[in-house]
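To start, the structure under review is shown below, and the notes come after it.
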Amino acid sequence: MSRTMIEVSDVTMRFRMNNDRIMSLKEFVTTALRGKLKYNEFTALDHVSFQVKEGETLGLIGRNGAGKSTILKVISGILKPTEGSVTTFGNIVPMLELGSGFDFDLTGRENIFLNGAILGYSEEYLKEKYEEILEFSELGQFIEMPIRNYSSGMLARLAFAVAAMVQPEILIVDEILSVGDADFQAKSHARMVELMGGGTTVLFVSHNLEQIREMCNRVIWLDNGRIRMEDTAEKVCSVYSSL
């Protein structure tokens, strides 16, 4: 029996959204001090519960605004749920906003060590992996250039190379396989499949149902912050695509 790696228990996530059309900071402060700020409450996740087993690849699908990215951020520890809890067992590598852990004044090489350290890896381990990361990124001599000069594609390649060359126990992926050109996408896809085959537990969000069908054991369909359906990839994708 596989052990549980992610346990999401009755998670609700609410956001307060300012209802006033405030045009300046001064106006905001004045209104706040008067106690006149009006808020709308938006429920992004509504009592969501599920488990992910060791080595499983769970797909998350749903329309824009369904709560997919929010649940990934809650599981990654970026957001704290309003209600409920998330328990994870093992180190997590979240590939959500590529390059979010980068310092744009540093070179690509320096950012490999910075980003790797943020993900919890030692300098010694990163030195061992450095050539492999560089080769995967295909950045060549540009690795010594400050990344503020990188194109979005170069930045994405570096971020993916760092995240995919370490050995996470839990990998959280949000639309990652759409970065870079067709060759790099194919290479990224192959690396993801390799990680999955190596026992990594994967949580995978994509609008590409073919990718979901191919890569996921099980799929959860989120709709307006709630689980609408949970079953095999084929069953969920078939119902979802028929609507």
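Here, A, B, ... name the chains of the structure tokens in the order displayed, residue numbers run from 1 inside each chain, and ligands are numbered from 1 in the same displayed order.
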
Open item on the list: I want to know what sits within 10 Å of A:Leu222, based on only C-alpha atoms, with residues of the same chain fewer than 4 positions away left out; could you give that as a VMD selection string?
Closed with: chain A and resid 45 48 60 to 68 71 226 to 230

TODO: Taking the DSSP assignment computed from this structure's backbone, write out as a PyMOL selection string all residues of stretch 22-202 of chain A that belong to strand (DSSP E or B).
DONE: chain A and resi 39-53+57-61+83-88+92-95+107+146+170-174+201-202

List the spatial neighbours of stretch 90-97 of chain A as a CSV table (one decimal) with C-alpha atoms, in the first residue's frame - criterion: any atom at most 10 Å away, only C-alpha atoms, same-chain residues fewer than 5 positions off excluded.
```
chain,number,residue,atom,x,y,z
A,5,MET,CA,2.3,12.2,0.3
A,6,ILE,CA,-0.3,15.0,0.2
A,54,GLU,CA,3.4,8.2,-3.3
A,69,SER,CA,-3.6,27.6,-9.1
A,72,LEU,CA,-1.3,24.5,-5.8
A,73,LYS,CA,-0.2,27.6,-3.8
A,75,ILE,CA,-0.2,22.9,-1.0
A,76,SER,CA,3.2,24.6,-1.7
A,77,GLY,CA,2.8,26.7,1.5
A,78,ILE,CA,2.6,30.0,-0.4
A,118,ILE,CA,15.8,28.2,-1.8
A,119,LEU,CA,14.6,24.7,-2.8
A,120,GLY,CA,16.7,23.3,0.1
A,156,ALA,CA,11.9,29.6,-18.3
A,159,ALA,CA,14.1,27.8,-14.1
A,160,PHE,CA,12.9,24.5,-15.4
A,163,ALA,CA,13.7,22.5,-10.7
A,164,ALA,CA,13.8,19.4,-12.9
A,166,VAL,CA,17.0,18.1,-8.5
A,167,GLN,CA,15.2,15.0,-7.2
A,168,PRO,CA,12.0,16.2,-5.5
A,169,GLU,CA,9.7,13.8,-3.6
A,170,ILE,CA,6.7,16.0,-4.5
A,171,LEU,CA,6.7,18.0,-7.7
A,172,ILE,CA,4.0,20.7,-8.2
A,173,VAL,CA,3.6,21.8,-11.8
A,174,ASP,CA,1.4,24.6,-13.3
A,175,GLU,CA,1.3,24.6,-17.1
A,176,ILE,CA,5.1,24.1,-17.2
A,201,THR,CA,4.7,12.3,-6.6
A,202,VAL,CA,3.3,14.9,-9.1
A,203,LEU,CA,0.5,17.4,-8.9
A,204,PHE,CA,-0.1,18.6,-12.5
A,205,VAL,CA,-2.3,21.4,-13.8
```

- [ ] Run DSSP on the backbone of this structure and report the residues of stretch 42-188 of chain A it assigns to alpha helix (DSSP H), as a VMD selection string.
- [x] chain A and resid 68 to 76 108 to 118 123 to 137 152 to 165 182 to 188

Open item on the list: So the first atom is atom CA of A:Asn149 and the second is atom CA of A:Ser188; what is the distance between them in Å, to one decimal place?
Closed with: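 According to the coordinates, atom CA of A:Asn149 and atom CA of A:Ser188 are separated by 23.0 Å.
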
Open item on the list: I'd like the neighbourhood of A:Thr87 as a PyMOL selection string, where a residue qualifies if any of its atoms comes within 7 Å (using only C-alpha atoms), though same-chain residues fewer than 2 positions away should be ignored.
Closed with: chain A and resi 6-8+85+89

- [ ] Would you mind reading off the distance between atom CA of A:Ala186 and atom CA of A:Leu139, one decimal, in Å?
- [x]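 Straight-line distance from atom CA of A:Ala186 to atom CA of A:Leu139 works out to 16.8 Å.
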
TODO: Work out how far apart atom CA of A:Arg14 and atom CA of A:Phe42 are and give it in Å to one decimal.
DONE: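 Distance between the two atoms: 5.5 Å.
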
TODO: Kindly indicate which residue among A:Asn40, A:Glu138, A:Phe15, A:Thr57 lies nearest to A:Gly198, using only C-alpha atoms for the distances.
DONE: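 Nearest to A:Gly198: A:Thr57.
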
Open item on the list: Counting only C-alpha atoms, which residue out of A:Ser122, A:Leu58, A:Ser242, A:Thr70 sits closest to A:Arg213?
Closed with: A:Leu58

Task: Which of A:Leu79, A:Tyr240, A:Gly199, A:Arg191 sits closest to A:Asp223 [using only C-alpha atoms] - done: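 Result for the nearest residue to A:Asp223: A:Tyr240.
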
Can you list, as a compact mmCIF listing (two decimals) with N, CA and C atoms, in the first residue's frame, every protein, DNA or RNA residue that comes within 10 Å of A:Lys129 when you count only C-alpha atoms, leaving out same-chain residues fewer than 6 positions away?
```
# COMPACT_ATOMS: atom_id res chain seq x y z
N ILE A 112 21.43 29.74 -10.29
CA ILE A 112 21.30 28.29 -10.10
C ILE A 112 21.53 27.95 -8.64
N GLU A 123 25.09 23.49 -1.37
CA GLU A 123 25.99 24.02 -2.40
C GLU A 123 26.77 22.87 -3.04
N VAL A 162 16.73 23.99 -13.34
CA VAL A 162 17.05 23.88 -11.90
C VAL A 162 16.04 22.97 -11.22
N MET A 165 16.20 19.15 -12.46
CA MET A 165 17.43 18.39 -12.30
C MET A 165 17.68 17.96 -10.86
N VAL A 166 16.92 18.54 -9.92
CA VAL A 166 17.00 18.06 -8.55
C VAL A 166 16.02 16.88 -8.43
```
